[in-house]
file protein05.cif (mmCIF, C-alpha atoms (C1' of nucleotides))
data_start
#
loop_
_atom_site.group_PDB
_atom_site.id
_atom_site.type_symbol
_atom_site.label_atom_id
_atom_site.label_comp_id
_atom_site.auth_asym_id
_atom_site.auth_seq_id
_atom_site.Cartn_x
_atom_site.Cartn_y
_atom_site.Cartn_z
ATOM 1 C CA MET A 1 103.239 93.211 106.521
ATOM 2 C CA ASN A 2 106.455 91.516 105.716
ATOM 3 C CA ARG A 3 109.098 92.554 108.177
ATOM 4 C CA ALA A 4 106.513 93.251 110.797
ATOM 5 C CA SER A 5 106.664 91.378 114.006
ATOM 6 C CA ALA A 6 107.270 93.396 117.106
ATOM 7 C CA LYS A 7 107.039 97.058 116.310
ATOM 8 C CA ILE A 8 107.078 99.659 118.962
ATOM 9 C CA LEU A 9 103.763 101.268 119.533
ATOM 10 C CA PRO A 10 103.209 104.177 121.889
ATOM 11 C CA LYS A 11 101.316 103.499 125.080
ATOM 12 C CA THR A 12 98.979 106.332 124.231
ATOM 13 C CA MET A 13 96.508 103.646 123.402
ATOM 14 C CA ALA A 14 96.085 102.520 126.931
ATOM 15 C CA LYS A 15 92.354 102.160 126.739
ATOM 16 C CA THR A 16 90.158 99.518 125.260
ATOM 17 C CA ALA A 17 90.383 96.259 123.340
ATOM 18 C CA ARG A 18 94.156 95.746 122.951
ATOM 19 C CA VAL A 19 94.210 92.629 120.892
ATOM 20 C CA ASP A 20 97.972 92.623 120.464
ATOM 21 C CA SER A 21 98.993 94.281 117.267
ATOM 22 C CA GLY A 22 100.324 91.100 115.733
ATOM 23 C CA ALA A 23 96.825 89.696 115.685
ATOM 24 C CA LEU A 24 95.527 92.805 113.982
ATOM 25 C CA ASP A 25 98.343 92.559 111.469
ATOM 26 C CA THR A 26 97.415 89.075 110.394
ATOM 27 C CA LEU A 27 93.726 89.834 110.634
ATOM 28 C CA PHE A 28 93.749 92.946 108.486
ATOM 29 C CA GLY A 29 96.377 91.320 106.321
ATOM 30 C CA ALA A 30 94.127 88.348 105.716
ATOM 31 C CA LEU A 31 91.230 90.639 104.889
ATOM 32 C CA ALA A 32 93.344 92.697 102.503
ATOM 33 C CA ASP A 33 93.027 90.200 99.688
ATOM 34 C CA PRO A 34 89.941 89.954 97.496
ATOM 35 C CA THR A 35 90.380 86.234 96.937
ATOM 36 C CA ARG A 36 90.473 85.690 100.660
ATOM 37 C CA ARG A 37 87.422 87.844 101.288
ATOM 38 C CA MET A 38 85.692 85.946 98.531
ATOM 39 C CA LEU A 39 86.556 82.656 100.174
ATOM 40 C CA VAL A 40 85.208 83.844 103.503
ATOM 41 C CA GLU A 41 81.993 84.992 101.887
ATOM 42 C CA ARG A 42 81.688 81.753 99.999
ATOM 43 C CA LEU A 43 82.254 79.624 103.037
ATOM 44 C CA LEU A 44 79.731 81.693 104.936
ATOM 45 C CA THR A 45 77.001 81.561 102.349
ATOM 46 C CA LYS A 46 77.488 78.058 101.020
ATOM 47 C CA GLY A 47 78.841 76.413 104.122
ATOM 48 C CA PRO A 48 82.073 74.509 104.824
ATOM 49 C CA ALA A 49 84.041 73.161 101.885
ATOM 50 C CA THR A 50 87.357 71.634 100.918
ATOM 51 C CA ALA A 51 90.201 73.399 99.183
ATOM 52 C CA THR A 52 89.705 71.214 96.147
ATOM 53 C CA THR A 53 86.048 72.084 95.876
ATOM 54 C CA LEU A 54 86.723 75.761 96.332
ATOM 55 C CA ALA A 55 89.428 75.701 93.712
ATOM 56 C CA GLU A 56 87.023 74.296 91.132
ATOM 57 C CA THR A 57 85.127 77.534 90.884
ATOM 58 C CA THR A 58 88.144 79.799 90.599
ATOM 59 C CA PRO A 59 90.884 80.281 88.037
ATOM 60 C CA LEU A 60 93.386 79.422 90.771
ATOM 61 C CA THR A 61 94.965 76.125 91.588
ATOM 62 C CA ARG A 62 94.069 74.079 94.621
ATOM 63 C CA GLN A 63 97.393 74.959 96.204
ATOM 64 C CA ALA A 64 96.853 78.663 95.833
ATOM 65 C CA ILE A 65 93.449 78.347 97.467
ATOM 66 C CA LEU A 66 94.967 76.184 100.157
ATOM 67 C CA LYS A 67 97.498 78.850 100.984
ATOM 68 C CA HIS A 68 94.765 81.451 101.240
ATOM 69 C CA LEU A 69 92.790 79.193 103.515
ATOM 70 C CA GLN A 70 95.833 78.766 105.695
ATOM 71 C CA VAL A 71 96.379 82.505 105.880
ATOM 72 C CA LEU A 72 92.762 82.934 106.901
ATOM 73 C CA GLU A 73 93.067 80.164 109.418
ATOM 74 C CA SER A 74 96.174 81.653 110.984
ATOM 75 C CA ALA A 75 94.235 84.884 111.321
ATOM 76 C CA GLY A 76 91.671 82.912 113.261
ATOM 77 C CA LEU A 77 88.987 83.378 110.653
ATOM 78 C CA LEU A 78 88.779 79.731 109.647
ATOM 79 C CA ALA A 79 89.053 76.322 111.221
ATOM 80 C CA HIS A 80 89.417 73.006 109.481
ATOM 81 C CA GLU A 81 88.360 69.499 110.301
ATOM 82 C CA ARG A 82 89.214 66.295 108.603
ATOM 83 C CA SER A 83 86.501 63.947 107.524
ATOM 84 C CA GLY A 84 87.771 60.829 105.848
ATOM 85 C CA ARG A 85 90.221 61.931 103.243
ATOM 86 C CA GLU A 86 88.708 65.344 102.909
ATOM 87 C CA VAL A 87 89.564 68.452 104.881
ATOM 88 C CA ARG A 88 86.690 70.804 105.318
ATOM 89 C CA TYR A 89 87.107 74.482 106.194
ATOM 90 C CA ARG A 90 84.546 76.597 107.986
ATOM 91 C CA VAL A 91 84.416 80.216 109.036
ATOM 92 C CA THR A 92 84.982 81.267 112.628
ATOM 93 C CA PRO A 93 84.208 84.963 112.473
ATOM 94 C CA GLN A 94 84.958 85.911 116.058
ATOM 95 C CA PRO A 95 88.203 87.726 115.199
ATOM 96 C CA LEU A 96 86.210 90.135 113.090
ATOM 97 C CA ALA A 97 85.061 91.627 116.353
ATOM 98 C CA SER A 98 88.662 92.591 117.093
ATOM 99 C CA ALA A 99 88.893 94.385 113.808
ATOM 100 C CA VAL A 100 85.686 96.265 114.367
ATOM 101 C CA GLY A 101 86.844 96.918 117.896
ATOM 102 C CA TRP A 102 90.081 98.518 116.826
ATOM 103 C CA ILE A 103 88.393 100.599 114.162
ATOM 104 C CA LEU A 104 85.670 101.916 116.393
ATOM 105 C CA ASP A 105 88.046 102.489 119.235
ATOM 106 C CA THR A 106 90.467 104.347 116.998
ATOM 107 C CA ALA A 107 87.805 106.364 115.268
ATOM 108 C CA GLY A 108 86.547 107.121 118.730
ATOM 109 C CA GLN A 109 89.663 109.192 119.311
ATOM 110 C CA TRP A 110 88.382 111.354 116.600
ATOM 111 C CA ASP A 111 85.899 114.115 116.530
ATOM 112 C CA SER A 112 82.207 113.478 116.818
ATOM 113 C CA ARG A 113 81.654 112.436 113.273
ATOM 114 C CA ILE A 114 82.213 109.030 114.788
ATOM 115 C CA ASP A 115 78.479 109.101 115.147
ATOM 116 C CA ARG A 116 78.178 108.578 111.440
ATOM 117 C CA LEU A 117 80.281 105.477 111.787
ATOM 118 C CA ARG A 118 78.226 104.228 114.648
ATOM 119 C CA ARG A 119 75.011 104.806 112.787
ATOM 120 C CA LEU A 120 76.434 103.096 109.768
ATOM 121 C CA SER A 121 77.313 100.082 111.832
ATOM 122 C CA GLY A 122 73.799 99.795 113.022
ATOM 123 C CA SER A 123 72.103 100.346 109.708
ATOM 124 C CA GLU A 124 73.171 97.209 107.946
ATOM 125 C CA SER A 125 70.001 95.198 108.084
ATOM 126 C CA SER A 126 67.447 97.305 109.857
ATOM 127 C CA THR A 127 67.635 101.052 109.298
ATOM 128 C CA MET B 1 97.527 93.576 98.510
ATOM 129 C CA ASN B 2 100.505 93.299 96.304
ATOM 130 C CA ARG B 3 99.257 93.078 92.798
ATOM 131 C CA ALA B 4 96.421 95.446 93.454
ATOM 132 C CA SER B 5 96.459 98.836 91.869
ATOM 133 C CA ALA B 6 95.574 101.910 93.840
ATOM 134 C CA LYS B 7 92.018 102.973 93.478
ATOM 135 C CA ILE B 8 90.368 106.139 94.493
ATOM 136 C CA LEU B 9 87.268 105.832 96.512
ATOM 137 C CA PRO B 10 84.336 108.111 95.952
ATOM 138 C CA LYS B 11 83.179 110.202 98.813
ATOM 139 C CA THR B 12 79.699 109.071 98.057
ATOM 140 C CA MET B 13 79.908 106.214 100.430
ATOM 141 C CA ALA B 14 76.751 106.925 102.255
ATOM 142 C CA LYS B 15 75.695 103.401 101.456
ATOM 143 C CA THR B 16 78.556 101.382 102.979
ATOM 144 C CA ALA B 17 78.460 97.923 101.458
ATOM 145 C CA ARG B 18 79.711 97.142 97.954
ATOM 146 C CA VAL B 19 82.625 99.544 98.084
ATOM 147 C CA ASP B 20 84.323 97.731 95.205
ATOM 148 C CA SER B 21 86.925 95.312 96.342
ATOM 149 C CA GLY B 22 89.902 97.366 95.246
ATOM 150 C CA ALA B 23 89.108 99.971 97.847
ATOM 151 C CA LEU B 24 88.794 97.321 100.516
ATOM 152 C CA ASP B 25 92.119 95.878 99.410
ATOM 153 C CA THR B 26 93.991 99.103 99.915
ATOM 154 C CA LEU B 27 92.013 99.913 103.020
ATOM 155 C CA PHE B 28 92.600 96.631 104.825
ATOM 156 C CA GLY B 29 96.083 96.564 103.386
ATOM 157 C CA ALA B 30 96.832 99.953 104.858
ATOM 158 C CA LEU B 31 95.468 98.846 108.198
ATOM 159 C CA ALA B 32 97.505 95.649 108.158
ATOM 160 C CA ASP B 33 100.678 97.351 109.291
ATOM 161 C CA PRO B 34 101.356 98.271 112.919
ATOM 162 C CA THR B 35 103.423 101.293 111.982
ATOM 163 C CA ARG B 36 100.591 102.577 109.866
ATOM 164 C CA ARG B 37 98.002 101.995 112.556
ATOM 165 C CA MET B 38 100.323 103.739 114.960
ATOM 166 C CA LEU B 39 100.566 106.722 112.642
ATOM 167 C CA VAL B 40 96.809 106.939 112.332
ATOM 168 C CA GLU B 41 96.394 106.804 116.081
ATOM 169 C CA ARG B 42 99.078 109.396 116.551
ATOM 170 C CA LEU B 43 97.612 111.760 114.030
ATOM 171 C CA LEU B 44 94.231 111.323 115.622
ATOM 172 C CA THR B 45 95.312 111.915 119.177
ATOM 173 C CA LYS B 46 97.955 114.578 118.616
ATOM 174 C CA GLY B 47 96.549 116.199 115.534
ATOM 175 C CA PRO B 48 98.013 116.793 112.069
ATOM 176 C CA ALA B 49 101.769 116.582 111.618
ATOM 177 C CA THR B 50 104.484 116.436 109.001
ATOM 178 C CA ALA B 51 106.399 113.349 107.952
ATOM 179 C CA THR B 52 109.569 114.831 109.393
ATOM 180 C CA THR B 53 107.986 115.428 112.771
ATOM 181 C CA LEU B 54 106.461 111.973 112.840
ATOM 182 C CA ALA B 55 109.747 110.379 111.942
ATOM 183 C CA GLU B 56 111.477 111.995 114.902
ATOM 184 C CA THR B 57 109.656 109.791 117.359
ATOM 185 C CA THR B 58 110.246 106.527 115.556
ATOM 186 C CA PRO B 59 113.300 104.470 114.712
ATOM 187 C CA LEU B 60 112.376 104.859 111.061
ATOM 188 C CA THR B 61 113.588 107.393 108.538
ATOM 189 C CA ARG B 62 111.496 110.229 107.279
ATOM 190 C CA GLN B 63 111.189 108.498 103.915
ATOM 191 C CA ALA B 64 109.860 105.325 105.415
ATOM 192 C CA ILE B 65 107.248 107.299 107.323
ATOM 193 C CA LEU B 66 106.466 109.237 104.185
ATOM 194 C CA LYS B 67 105.794 106.038 102.291
ATOM 195 C CA HIS B 68 103.470 104.857 105.015
ATOM 196 C CA LEU B 69 101.641 108.155 104.961
ATOM 197 C CA GLN B 70 101.228 107.828 101.220
ATOM 198 C CA VAL B 71 99.859 104.333 101.544
ATOM 199 C CA LEU B 72 97.387 105.581 104.120
ATOM 200 C CA GLU B 73 96.484 108.497 101.932
ATOM 201 C CA SER B 74 95.875 106.314 98.911
ATOM 202 C CA ALA B 75 93.565 104.266 101.106
ATOM 203 C CA GLY B 76 91.681 107.467 101.765
ATOM 204 C CA LEU B 77 92.581 107.503 105.434
ATOM 205 C CA LEU B 78 94.735 110.612 105.271
ATOM 206 C CA ALA B 79 94.843 113.906 103.447
ATOM 207 C CA HIS B 80 97.698 116.337 103.239
ATOM 208 C CA GLU B 81 97.910 120.066 102.883
ATOM 209 C CA ARG B 82 100.898 122.232 102.295
ATOM 210 C CA SER B 83 101.591 125.153 104.538
ATOM 211 C CA GLY B 84 104.684 127.072 103.588
ATOM 212 C CA ARG B 85 107.395 124.547 103.147
ATOM 213 C CA GLU B 86 105.780 121.999 105.397
ATOM 214 C CA VAL B 87 103.317 119.309 104.410
ATOM 215 C CA ARG B 88 100.892 118.423 107.111
ATOM 216 C CA TYR B 89 98.928 115.174 107.197
ATOM 217 C CA ARG B 90 95.598 114.690 108.893
ATOM 218 C CA VAL B 91 93.284 111.739 109.302
ATOM 219 C CA THR B 92 90.148 111.390 107.245
ATOM 220 C CA PRO B 93 88.528 108.363 108.853
ATOM 221 C CA GLN B 94 85.502 108.053 106.616
ATOM 222 C CA PRO B 95 86.817 104.981 104.790
ATOM 223 C CA LEU B 96 86.837 103.117 108.063
ATOM 224 C CA ALA B 97 83.107 102.980 107.679
ATOM 225 C CA SER B 98 83.594 100.880 104.558
ATOM 226 C CA ALA B 99 85.690 98.435 106.480
ATOM 227 C CA VAL B 100 83.166 98.144 109.258
ATOM 228 C CA GLY B 101 80.486 97.949 106.628
ATOM 229 C CA TRP B 102 82.062 95.016 104.869
ATOM 230 C CA ILE B 103 82.735 93.193 108.094
ATOM 231 C CA LEU B 104 79.267 93.613 109.475
ATOM 232 C CA ASP B 105 77.691 92.873 106.158
ATOM 233 C CA THR B 106 79.751 89.741 105.722
ATOM 234 C CA ALA B 107 79.342 88.539 109.242
ATOM 235 C CA GLY B 108 75.666 89.198 108.737
ATOM 236 C CA GLN B 109 75.595 86.246 106.371
ATOM 237 C CA TRP B 110 76.499 84.214 109.335
ATOM 238 C CA ASP B 111 74.547 82.749 112.163
ATOM 239 C CA SER B 112 73.182 84.954 114.864
ATOM 240 C CA ARG B 113 76.315 85.326 116.857
ATOM 241 C CA ILE B 114 76.588 88.458 114.791
ATOM 242 C CA ASP B 115 74.782 89.986 117.694
ATOM 243 C CA ARG B 116 77.973 89.825 119.651
ATOM 244 C CA LEU B 117 79.620 91.891 116.959
ATOM 245 C CA ARG B 118 76.799 94.376 116.967
ATOM 246 C CA ARG B 119 76.989 94.757 120.691
ATOM 247 C CA LEU B 120 80.708 95.223 120.477
ATOM 248 C CA SER B 121 80.194 97.982 117.972
ATOM 249 C CA GLY B 122 78.022 99.844 120.365
ATOM 250 C CA SER B 123 80.070 99.363 123.497
ATOM 251 C CA GLU B 124 83.460 100.698 122.565
ATOM 252 C CA SER B 125 83.283 104.166 123.996
ATOM 253 C CA SER B 126 79.945 104.829 125.561
ATOM 254 C CA THR B 127 80.585 108.540 126.038
ATOM 255 C "C1'" DC C 1 121.494 136.948 98.611
ATOM 256 C "C1'" DC C 2 122.948 132.841 100.727
ATOM 257 C "C1'" DC C 3 122.008 129.287 103.966
ATOM 258 C "C1'" DT C 4 119.160 126.063 106.046
ATOM 259 C "C1'" DA C 5 115.136 123.233 107.040
ATOM 260 C "C1'" DG C 6 112.048 120.577 104.864
ATOM 261 C "C1'" DT C 7 110.151 118.139 100.954
ATOM 262 C "C1'" DG C 8 110.332 115.109 96.662
ATOM 263 C "C1'" DC C 9 112.335 111.751 93.879
ATOM 264 C "C1'" DA C 10 114.771 107.590 92.334
ATOM 265 C "C1'" DA C 11 117.644 103.760 92.850
ATOM 266 C "C1'" DC C 12 118.477 99.987 95.378
ATOM 267 C "C1'" DC C 13 118.024 95.950 98.620
ATOM 268 C "C1'" DA C 14 116.257 92.027 101.471
ATOM 269 C "C1'" DA C 15 112.476 89.655 102.645
ATOM 270 C "C1'" DG C 16 107.646 88.526 101.985
ATOM 271 C "C1'" DT C 17 103.606 87.190 98.924
ATOM 272 C "C1'" DG C 18 100.794 84.991 95.645
ATOM 273 C "C1'" DG C 19 101.079 81.790 92.523
ATOM 274 C "C1'" DT C 20 102.798 77.689 90.019
ATOM 275 C "C1'" DT C 21 104.470 72.724 89.286
ATOM 276 C "C1'" DG C 22 105.718 68.261 90.777
ATOM 277 C "C1'" DC C 23 105.542 64.510 93.706
ATOM 278 C "C1'" DA C 24 104.768 61.707 97.878
ATOM 279 C "C1'" DG C 25 101.421 60.070 101.241
ATOM 280 C "C1'" DT C 26 96.502 58.549 102.525
ATOM 281 C "C1'" DT C 27 92.011 56.928 102.125
ATOM 282 C "C1'" DC C 28 88.282 54.999 99.892
ATOM 283 C "C1'" DA C 29 85.944 52.142 96.068
ATOM 284 C "C1'" DG C 30 85.826 48.124 93.153
ATOM 285 C "C1'" DC D 1 94.877 44.452 96.103
ATOM 286 C "C1'" DT D 2 94.986 48.148 92.890
ATOM 287 C "C1'" DG D 3 93.892 52.440 91.375
ATOM 288 C "C1'" DA D 4 91.738 56.852 91.659
ATOM 289 C "C1'" DA D 5 90.790 60.890 94.420
ATOM 290 C "C1'" DC D 6 92.476 63.932 97.855
ATOM 291 C "C1'" DT D 7 95.609 66.097 100.792
ATOM 292 C "C1'" DG D 8 100.391 67.726 102.115
ATOM 293 C "C1'" DC D 9 104.967 69.329 101.138
ATOM 294 C "C1'" DA D 10 108.732 71.664 98.982
ATOM 295 C "C1'" DA D 11 110.978 74.042 95.478
ATOM 296 C "C1'" DC D 12 110.700 77.707 92.612
ATOM 297 C "C1'" DC D 13 109.393 82.214 90.304
ATOM 298 C "C1'" DA D 14 107.936 87.092 89.511
ATOM 299 C "C1'" DC D 15 106.419 90.897 91.763
ATOM 300 C "C1'" DT D 16 105.473 93.767 96.042
ATOM 301 C "C1'" DT D 17 106.763 95.792 100.177
ATOM 302 C "C1'" DG D 18 109.137 98.104 103.800
ATOM 303 C "C1'" DG D 19 113.094 100.181 104.373
ATOM 304 C "C1'" DT D 20 117.428 102.563 103.276
ATOM 305 C "C1'" DT D 21 120.655 106.146 101.116
ATOM 306 C "C1'" DG D 22 121.667 109.950 98.272
ATOM 307 C "C1'" DC D 23 120.656 114.035 95.998
ATOM 308 C "C1'" DA D 24 117.988 117.684 93.755
ATOM 309 C "C1'" DC D 25 114.496 121.177 94.603
ATOM 310 C "C1'" DT D 26 111.848 124.849 97.224
ATOM 311 C "C1'" DA D 27 110.651 128.146 100.604
ATOM 312 C "C1'" DG D 28 111.911 131.232 104.330
ATOM 313 C "C1'" DG D 29 115.005 133.768 107.524
ATOM 314 C "C1'" DG D 30 119.248 136.280 108.674
#

call {"tool": "encode", "arguments": {"input": "protein05.cif", "output": "structure tokens"}}
result
Amino acid sequence: MNRASAKILPKTMAKTARVDSGALDTLFGALADPTRRMLVERLLTKGPATATTLAETTPLTRQAILKHLQVLESAGLLAHERSGREVRYRVTPQPLASAVGWILDTAGQWDSRIDRLRRLSGSESST
Amino acid sequence: MNRASAKILPKTMAKTARVDSGALDTLFGALADPTRRMLVERLLTKGPATATTLAETTPLTRQAILKHLQVLESAGLLAHERSGREVRYRVTPQPLASAVGWILDTAGQWDSRIDRLRRLSGSESST
DNA sequence: CCCTAGTGCAACCAAGTGGTTGCAGTTCAG
DNA sequence: CTGAACTGCAACCACTTGGTTGCACTAGGG
């Protein structure tokens, strides 16, 4: 998503959601990296943590992790708060709804096999 | 998704979650570009088309569009078929289920606000 | 058969990404 | 106060990415 900023998109998509495409760019872009997804999962399961702490359990340097955290934060998936000399990051998963929104909305243009998608979405923890 | 090699995803994705991270990389990566999302939407709403045709309605060259189509195809979102001297691309949205799967699964780790996500999933196009 | 429309490379380029190292600034503990 | 532990920049590097141009190849149509 390098030279992407304001690209022209057809108005054919005049229906739902419409989280401006830039947001989707950074959102999907943030999600497109395994390290970043790992960080999100980690922060979700083990709670808020600092870049330094997170870096300890990876082969990456603190700075690399920091950059990832910042990418995630700029996508709205994280927030940070300072506590003393530490900076703790936590997940703010709301933007994920935009992603799911776009996907479902888009797939909705499609045939009827969308039903499979819908069912899938609902079968994650129940059946 | 730069240093990530292209992976092929099995069509046996009846089970959503755990789609191996490489597939999610290319999937989210493919979705992280507005031009690419535009192409998917276009192909969905107006049906299959060739790279040349698609390029006519954008400021980009045929080759640029072609590259995007190939990225989408390697993410499993498109398939192409030759017909005479034309090559027609069509959307194969199944992989989107993986994306939704990961998101819902991940967000499921979270609190209970996941409910909002769930509701969103079910309210996009209540046809 | 020859011409044309359409596809398929491959080279090339600028800018973006993921990652590193090094160092300066801050905050807490003795 | 002094030092250790953290955070915050900034420079730098190799590799990817999105895009271009140019040209060879292929399939049909007159």

call {"tool": "closest_residue", "arguments": {"input": "protein05.cif", "among": "C:DG8, C:DG25, C:DG30, C:DG16", "to": "DC1 of chain D", "atoms": "all atoms listed in the file"}}
result
C:DG30

call {"tool": "interface_residues", "arguments": {"input": "protein05.cif", "of": "chain C", "to": "chain B", "cutoff": "9 Å", "atoms": "only C-alpha atoms (C1' of nucleotides)", "output": "list in words"}}
result
DA5, DG6, DT7, DT17 and DG18 of chain C

call {"tool": "write_last_selection", "arguments": {"input": "protein05.cif", "atoms": "C-alpha atoms (C1' of nucleotides)", "output": "mmCIF file, keeping the file's coordinate frame"}}
result
data_model
loop_
_atom_site.group_PDB
_atom_site.id
_atom_site.type_symbol
_atom_site.label_atom_id
_atom_site.label_comp_id
_atom_site.auth_asym_id
_atom_site.auth_seq_id
_atom_site.Cartn_x
_atom_site.Cartn_y
_atom_site.Cartn_z
ATOM 1 C "C1'" DA C 5 115.136 123.233 107.040
ATOM 2 C "C1'" DG C 6 112.048 120.577 104.864
ATOM 3 C "C1'" DT C 7 110.151 118.139 100.954
ATOM 4 C "C1'" DT C 17 103.606 87.190 98.924
ATOM 5 C "C1'" DG C 18 100.794 84.991 95.645
#

call {"tool": "atom_distance", "arguments": {"input": "protein05.cif", "atom1": "atom CA of Met38 of chain B", "atom2": "atom CA of Gly29 of chain A"}}
result
15.6 Å

call {"tool": "resolve_selection", "arguments": {"input": "protein05.cif", "expression": "the PyMOL selection byres ((chain D) within 7 of (chain B))", "output": "list of chain:residue names"}}
result
D:DT16, D:DG19, D:DA27

call {"tool": "resolve_selection", "arguments": {"input": "protein05.cif", "expression": "the PyMOL selection byres ((chain D and resi 29) around 10)", "output": "PDB file with C-alpha atoms (C1' of nucleotides), in the coordinates of the input"}}
result
ATOM      1  C1'  DC C   3     122.008 129.287 103.966  1.00  0.00           C
ATOM      2  C1'  DT C   4     119.160 126.063 106.046  1.00  0.00           C
TER       3       DT C   4
ATOM      4  C1'  DA D  27     110.651 128.146 100.604  1.00  0.00           C
ATOM      5  C1'  DG D  28     111.911 131.232 104.330  1.00  0.00           C
ATOM      6  C1'  DG D  30     119.248 136.280 108.674  1.00  0.00           C
TER       7       DG D  30
END

call {"tool": "resolve_selection", "arguments": {"input": "protein05.cif", "expression": "the PyMOL selection byres ((chain B and resi 95) around 8)", "output": "PDB file with C-alpha atoms, in the coordinates of the input"}}
result
ATOM      1  CA  LEU B  27      92.013  99.913 103.020  1.00  0.00           C
ATOM      2  CA  ALA B  75      93.565 104.266 101.106  1.00  0.00           C
ATOM      3  CA  GLY B  76      91.681 107.467 101.765  1.00  0.00           C
ATOM      4  CA  LEU B  77      92.581 107.503 105.434  1.00  0.00           C
ATOM      5  CA  THR B  92      90.148 111.390 107.245  1.00  0.00           C
ATOM      6  CA  PRO B  93      88.528 108.363 108.853  1.00  0.00           C
ATOM      7  CA  GLN B  94      85.502 108.053 106.616  1.00  0.00           C
ATOM      8  CA  LEU B  96      86.837 103.117 108.063  1.00  0.00           C
ATOM      9  CA  ALA B  97      83.107 102.980 107.679  1.00  0.00           C
ATOM     10  CA  SER B  98      83.594 100.880 104.558  1.00  0.00           C
ATOM     11  CA  ALA B  99      85.690  98.435 106.480  1.00  0.00           C
TER      12      ALA B  99
END

call {"tool": "residues_around", "arguments": {"input": "protein05.cif", "residues": "DT2 of chain D", "least_positions_apart": "2", "cutoff": "12 Å", "atoms": "all atoms listed in the file", "output": "NGL selection string"}}
result
(:C and (28-30)) or (:D and (4))

call {"tool": "atom_distance", "arguments": {"input": "protein05.cif", "atom1": "atom C1' of DC13 of chain C", "atom2": "atom C1' of DT21 of chain D"}}
result
10.8 Å

call {"tool": "residues_near_point", "arguments": {"input": "protein05.cif", "point": "(92.2, 96.8, 103.0)", "cutoff": "9 Å", "atoms": "all atoms listed in the file", "output": "ChimeraX atom specification"}}
result
/A:28-29,31-33 /B:1,21-32,75,99

call {"tool": "write_last_selection", "arguments": {"input": "protein05.cif", "atoms": "C-alpha atoms", "output": "PDB file, in the coordinates of the input"}}
result
ATOM      1  CA  PHE A  28      93.749  92.946 108.486  1.00  0.00           C
ATOM      2  CA  GLY A  29      96.377  91.320 106.321  1.00  0.00           C
ATOM      3  CA  LEU A  31      91.230  90.639 104.889  1.00  0.00           C
ATOM      4  CA  ALA A  32      93.344  92.697 102.503  1.00  0.00           C
ATOM      5  CA  ASP A  33      93.027  90.200  99.688  1.00  0.00           C
TER       6      ASP A  33
ATOM      7  CA  MET B   1      97.527  93.576  98.510  1.00  0.00           C
ATOM      8  CA  SER B  21      86.925  95.312  96.342  1.00  0.00           C
ATOM      9  CA  GLY B  22      89.902  97.366  95.246  1.00  0.00           C
ATOM     10  CA  ALA B  23      89.108  99.971  97.847  1.00  0.00           C
ATOM     11  CA  LEU B  24      88.794  97.321 100.516  1.00  0.00           C
ATOM     12  CA  ASP B  25      92.119  95.878  99.410  1.00  0.00           C
ATOM     13  CA  THR B  26      93.991  99.103  99.915  1.00  0.00           C
ATOM     14  CA  LEU B  27      92.013  99.913 103.020  1.00  0.00           C
ATOM     15  CA  PHE B  28      92.600  96.631 104.825  1.00  0.00           C
ATOM     16  CA  GLY B  29      96.083  96.564 103.386  1.00  0.00           C
ATOM     17  CA  ALA B  30      96.832  99.953 104.858  1.00  0.00           C
ATOM     18  CA  LEU B  31      95.468  98.846 108.198  1.00  0.00           C
ATOM     19  CA  ALA B  32      97.505  95.649 108.158  1.00  0.00           C
ATOM     20  CA  ALA B  75      93.565 104.266 101.106  1.00  0.00           C
ATOM     21  CA  ALA B  99      85.690  98.435 106.480  1.00  0.00           C
TER      22      ALA B  99
END

call {"tool": "atom_distance", "arguments": {"input": "protein05.cif", "atom1": "atom CA of Arg36 of chain A", "atom2": "atom CA of Ile103 of chain B"}}
result
13.1 Å

call {"tool": "closest_residue", "arguments": {"input": "protein05.cif", "among": "B:Thr53, B:Ser83, B:Thr106, B:Gln70", "to": "chain A", "atoms": "all atoms listed in the file"}}
result
B:Thr106

call {"tool": "residues_around", "arguments": {"input": "protein05.cif", "residues": "segment 22-24 of chain C", "least_positions_apart": "6", "cutoff": "10 Å", "atoms": "only C-alpha atoms (C1' of nucleotides)", "output": "PyMOL selection string"}}
result
chain D and resi 8-11

call {"tool": "closest_residue", "arguments": {"input": "protein05.cif", "among": "A:Leu72, A:Ala49, A:Leu44, A:Leu66", "to": "chain B", "atoms": "all atoms listed in the file"}}
result
A:Leu44

call {"tool": "closest_residue", "arguments": {"input": "protein05.cif", "among": "A:Arg90, A:Thr58, A:Arg82, A:Glu41", "to": "DT7 of chain D", "atoms": "all atoms listed in the file"}}
result
A:Arg82
